[in-house]
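**Student:** Structure provided below as structure tokens; questions to follow.
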Amino acid sequence: MNRREPLGVAVIGTGRMGADHVRRIDRAISGARVAAVVDIDEERAEAVAAGVDGCTAHTDAAEAMASDAVDAVLIASSGPAHEEALLAAFARDLPVLCEKPLTPDAASALRVMEAEAALGRRRVQVGFMRRYDAEYVRLKALLDTGQLGRPLMLHQRHRNVASPPFFTSSMLISDSVAHEVDVTRWLLGHEIGAVTVLRPAPSSSGAPDGLRDPQFVVLETDGGALSDVEIFVNCGFGYQVQAEAVCERGTARIGDGHELVTSMAGRWGGTITQDWTERFAQAYDDEVQAWADATRRGEVTGPSVWDGYAAAAVCEAGVRALEQGGRVEVELAERPPLYA
Ligand SMILES: NC(=O)C1=CN([C@@H]2O[C@H](COP(=O)(O)OP(=O)(O)OC[C@H]3O[C@@H](n4cnc5c(N)ncnc54)[C@H](O)[C@@H]3O)[C@@H](O)[C@H]2O)C=CC1
Ligand SMILES: O=C1[C@@H](O)[C@H](O)[C@@H](O)[C@H](O)[C@H]1O
């Protein structure tokens, strides 16, 4: 691997997350620079490149990856574009940080996993940034000590202020609950074997007509613990992500977010974050810094392609459970030794 300093990164996709990652690499983290940006929207790519010294703009990912200035790739294009970009990076043996979802469905995620396994070593870190969030890290560390005993249940809540116009009922699972799927697997260290989705009467306030919002998802792990998720993407009031672990000898809860509580005019209260870029700002910085550091050491760490594939398979089962009702079992391919 090219060990020049700093790491030259090509950022694929310069929409909301991609532009934020460009800013992060340019101004918030160390040891990396944005060498190139790519977007099928040429004007968008050029506008983002114009803000970064020495950054070139492209509409074709393979062309950007061919540049001598590029040592690594951060994929932040829309989910359906990830597979092509990942395979192009594998062809050039470039290390990758790929935003979630790895790919939007299990079959394409499996193809990516087989392609990486054929390389014989990991090249990809998947962007499940909650694993880098200080509260989640503390919760995981506490559970791992065993002080609370065996986890029996996880209760999770995931609320967004409003969903974008293109959001569908199945995206509540594949785009949003994907995070809780990963958190459940990571915190408990077990695969998810079955998914049930319950659908309360949809909210008539804010949610577009026909959108099944909210939903209540139950994940059954193969270790016997249950994980439930309330997903509500048009709650209107704030961005809330909370988790409580109920264990044999106690409970632990994160995400109440009462950082600053003010008292004024006969009332007290705090604020609620409004979106993920605010709530998880530090987690994204730490995630991208950890990726850049590992890449410069010639290592790949963090959530793997297996984690991305497993999340895609669970979400696919979840979408089936949403559409047909009942409990749907998750079908997982055999885990390749690379991800043991
Ligand atoms: N980790 C997290 O918390 C979050 C992750 N995401 C993920 O980040 C990714 C991007 O999401 P957003 O920035 O919100 O979407 P966005 O729609 O704002 O941006 C996507 C960009 O990708 C570009 N694009 C589409 N196909 C492309 C291709 N073949 N080559 C190059 N560029 C292409 C589009 O033109 C657009 O500029 C998605 O995978 C999404 O799931 C999004 C929000 C939060
Ligand atoms: O990944 C994300 C979005 O794509 C998704 O739509 C939101 O619900 C999540 O909270 C956010 O972290």
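We name chains A, B, ... following the order of the structure tokens; residues begin at 1 in each chain, and ligands are numbered from 1 as shown.
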Residues at most 9 Å from stretch 256-268 of chain A, counting only C-alpha atoms, excluding those fewer than 6 positions away in the same chain, as a list in words?
**Tutor:**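 Result of the neighbour search: Gln240, Val241, Gln242, Ala243 and Arg279 of chain A.
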**Student:** Based on the backbone DSSP call, show me all residues of stretch 103-187 of chain A assigned helix (DSSP H, G or I), as a PyMOL selection string.
**Tutor:** chain A and resi 106-119+129-132+134-145+171-187
**Student:** Output C-alpha atoms of each residue in that selection to a file, as a PDB file, in the first residue's frame.
**Tutor:**
```
ATOM      1  CA  ALA A 106     -28.709  -9.406   0.585  1.00  0.00           C
ATOM      2  CA  ALA A 107     -27.883 -10.775  -2.895  1.00  0.00           C
ATOM      3  CA  SER A 108     -25.708  -7.790  -3.843  1.00  0.00           C
ATOM      4  CA  ALA A 109     -24.110  -7.729  -0.369  1.00  0.00           C
ATOM      5  CA  LEU A 110     -23.256 -11.415  -0.808  1.00  0.00           C
ATOM      6  CA  ARG A 111     -21.604 -10.663  -4.176  1.00  0.00           C
ATOM      7  CA  VAL A 112     -19.489  -7.966  -2.514  1.00  0.00           C
ATOM      8  CA  MET A 113     -18.565 -10.344   0.309  1.00  0.00           C
ATOM      9  CA  GLU A 114     -17.535 -13.060  -2.146  1.00  0.00           C
ATOM     10  CA  ALA A 115     -15.445 -10.532  -4.099  1.00  0.00           C
ATOM     11  CA  GLU A 116     -13.647  -9.350  -0.947  1.00  0.00           C
ATOM     12  CA  ALA A 117     -13.191 -12.912   0.314  1.00  0.00           C
ATOM     13  CA  ALA A 118     -11.583 -13.750  -3.060  1.00  0.00           C
ATOM     14  CA  LEU A 119      -8.982 -11.017  -2.378  1.00  0.00           C
ATOM     15  CA  MET A 129     -20.943   4.873  12.991  1.00  0.00           C
ATOM     16  CA  ARG A 130     -22.858   4.124  16.186  1.00  0.00           C
ATOM     17  CA  ARG A 131     -20.044   1.712  17.078  1.00  0.00           C
ATOM     18  CA  TYR A 132     -17.864   4.852  17.446  1.00  0.00           C
ATOM     19  CA  ALA A 134     -19.123   7.437  23.097  1.00  0.00           C
ATOM     20  CA  GLU A 135     -22.432   6.374  24.694  1.00  0.00           C
ATOM     21  CA  TYR A 136     -22.708   3.160  22.672  1.00  0.00           C
ATOM     22  CA  VAL A 137     -19.026   2.401  23.350  1.00  0.00           C
ATOM     23  CA  ARG A 138     -19.651   2.737  27.116  1.00  0.00           C
ATOM     24  CA  LEU A 139     -22.748   0.563  26.937  1.00  0.00           C
ATOM     25  CA  LYS A 140     -20.867  -2.129  25.030  1.00  0.00           C
ATOM     26  CA  ALA A 141     -17.940  -1.987  27.472  1.00  0.00           C
ATOM     27  CA  LEU A 142     -20.306  -2.327  30.447  1.00  0.00           C
ATOM     28  CA  LEU A 143     -22.168  -5.290  28.925  1.00  0.00           C
ATOM     29  CA  ASP A 144     -18.849  -6.956  28.091  1.00  0.00           C
ATOM     30  CA  THR A 145     -17.734  -6.803  31.766  1.00  0.00           C
ATOM     31  CA  MET A 171     -36.995   2.112   3.950  1.00  0.00           C
ATOM     32  CA  LEU A 172     -37.982   2.568   7.592  1.00  0.00           C
ATOM     33  CA  ILE A 173     -36.394  -0.853   7.962  1.00  0.00           C
ATOM     34  CA  SER A 174     -33.691  -1.000   5.280  1.00  0.00           C
ATOM     35  CA  ASP A 175     -32.438   2.575   5.726  1.00  0.00           C
ATOM     36  CA  SER A 176     -33.168   3.356   9.375  1.00  0.00           C
ATOM     37  CA  VAL A 177     -33.587   0.158  11.438  1.00  0.00           C
ATOM     38  CA  ALA A 178     -30.424  -1.086   9.677  1.00  0.00           C
ATOM     39  CA  HIS A 179     -28.576   0.783  12.437  1.00  0.00           C
ATOM     40  CA  GLU A 180     -30.434  -1.043  15.244  1.00  0.00           C
ATOM     41  CA  VAL A 181     -29.832  -4.338  13.453  1.00  0.00           C
ATOM     42  CA  ASP A 182     -26.104  -3.641  13.555  1.00  0.00           C
ATOM     43  CA  VAL A 183     -26.229  -2.356  17.146  1.00  0.00           C
ATOM     44  CA  THR A 184     -28.087  -5.502  18.267  1.00  0.00           C
ATOM     45  CA  ARG A 185     -25.568  -7.845  16.619  1.00  0.00           C
ATOM     46  CA  TRP A 186     -22.612  -5.814  17.937  1.00  0.00           C
ATOM     47  CA  LEU A 187     -23.815  -5.314  21.518  1.00  0.00           C
TER      48      LEU A 187
END
```
**Student:** How would you write, as JSON, numbers by chain, the set of residues in stretch 93-318 of chain A that DSSP gives as strand (DSSP E or B)?
**Tutor:** {"A": [96, 97, 98, 99, 124, 125, 126, 127, 151, 152, 153, 154, 155, 156, 157, 158, 159, 192, 193, 194, 195, 196, 197, 198, 215, 216, 217, 218, 219, 220, 221, 226, 227, 228, 229, 230, 231, 232, 240, 241, 242, 243, 244, 245, 246, 247, 250, 251, 252, 253, 254, 262, 263, 264, 267, 268, 269]}
**Student:** Output the neighbourhood of ligand 1 as a ChimeraX atom specification, that is, all protein and nucleic acid residues with some atom at most 9 Å from the ligand, counting only C-alpha atoms and all ligand atoms.
**Tutor:** /A:11-20,37-42,44-45,58-61,75-82,84-85,98-104,127-130,174-176,179,275-277,280,284
**Student:** To one decimal place, how far is atom 9 (C, counted along the ligand's line) of ligand 2 from atom CA of A:Ala292 in Å?
**Tutor:**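 Distance between the two atoms: 23.3 Å.
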**Student:** Residues within 10 Å of A:Glu323, please, as a PyMOL selection string. Count only C-alpha atoms; anything in the same chain fewer than 3 positions from it doesn't count.
**Tutor:** chain A and resi 169-170+197+317-320+326
**Student:** Pick out the closest residue to ligand 2 from this set: A:Ile231, A:Ala194, A:Ala32, A:Ala10. Count only C-alpha atoms and all ligand atoms.
**Tutor:**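 Of the candidates, the smallest distance to ligand 2 is held by A:Ile231.
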**Student:** Given only C-alpha atoms and all ligand atoms as the basis, pick out the residue of A:Leu94, A:Val52, A:Ala72, A:Cys235 nearest to ligand 2.
**Tutor:**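 Closest to ligand 2, using only C-alpha atoms and all ligand atoms: A:Cys235.
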**Student:** Can you work out the spacing between atom CA of A:Gln147 and atom 12 (O, counted along the ligand's line) of ligand 2 in Å, to one decimal?
**Tutor:** 29.9 Å
**Student:** What does the distance from atom CA of A:Gly54 to atom CA of A:Ala69 come to in Å, to one decimal?
**Tutor:**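 Taking atom CA of A:Gly54 and atom CA of A:Ala69, their separation equals 9.8 Å.
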**Student:** Determine the nearest neighbour of A:Leu219 from the options A:Ser203, A:Gln156, A:Gln324, A:Thr196, counting only C-alpha atoms.
**Tutor:** A:Thr196
**Student:** Which of these, A:Ala207, A:Val124, A:Ala57, A:Cys315, has the shortest distance to A:Val195 once you count only C-alpha atoms?
**Tutor:** A:Cys315
**Student:** Tell me, as an mmCIF file with C-alpha atoms, in the first residue's frame, which residues lie within 9 Å of A:Asp293, counting only C-alpha atoms; anything in the same chain fewer than 5 positions away does not count.
**Tutor:**
```cif
data_model
loop_
_atom_site.group_PDB
_atom_site.id
_atom_site.type_symbol
_atom_site.label_atom_id
_atom_site.label_comp_id
_atom_site.auth_asym_id
_atom_site.auth_seq_id
_atom_site.Cartn_x
_atom_site.Cartn_y
_atom_site.Cartn_z
ATOM 1 C CA SER A 30 -5.736 14.293 10.667
ATOM 2 C CA GLY A 31 -3.610 12.212 8.317
ATOM 3 C CA ALA A 32 -5.907 12.341 5.295
ATOM 4 C CA VAL A 288 -13.385 8.402 9.787
ATOM 5 C CA GLY A 298 -2.036 -1.026 6.425
ATOM 6 C CA GLU A 299 -4.912 -2.483 8.475
#
```
**Student:** Measuring between only C-alpha atoms, which one of A:Leu338, A:Val233, A:Ile192, A:Val328 shows the shortest distance to A:Ala310?
**Tutor:**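 Among A:Leu338, A:Val233, A:Ile192, A:Val328, it is A:Ile192 that comes nearest to A:Ala310.
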**Student:** Might you pull out every residue within 8 Å of A:Glu244, with only C-alpha atoms counted and same-chain residues fewer than 2 positions away left off, and present them as a count of residues only?
**Tutor:** 9
**Student:** Set the distance at 7 Å and use only C-alpha atoms: which residues neighbour A:Asn234 once local chain neighbours fewer than 6 positions away are removed? I'd like the list as an MDAnalysis selection string.
**Tutor:** chainID A and resid 160:163 206:207
**Student:** Please determine, counting only C-alpha atoms and all ligand atoms, which residue among A:Ala321, A:Ala283, A:Val300, A:Leu148 has the shortest atom-to-atom distance to ligand 2.
**Tutor:**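 So, comparing all the options, the nearest one is A:Ala283.
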**Student:** Could you name the residues that touch A:Glu248 at 7 Å or less, counting only C-alpha atoms, but leaving out those on the same chain fewer than 3 positions away, as a short mmCIF file (atom, residue, chain, number, x, y, z; two decimals) with C-alpha atoms, in the first residue's frame?
**Tutor:**
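Resulting contents of selection.cif:
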```
data_model
loop_
_atom_site.label_atom_id
_atom_site.label_comp_id
_atom_site.auth_asym_id
_atom_site.auth_seq_id
_atom_site.Cartn_x
_atom_site.Cartn_y
_atom_site.Cartn_z
CA LEU A 148 -25.10 -6.76 34.75
CA GLY A 149 -25.35 -10.43 33.87
CA ARG A 150 -26.59 -11.81 30.57
CA PRO A 151 -28.56 -9.35 28.39
CA LEU A 152 -32.17 -10.51 28.05
#
```
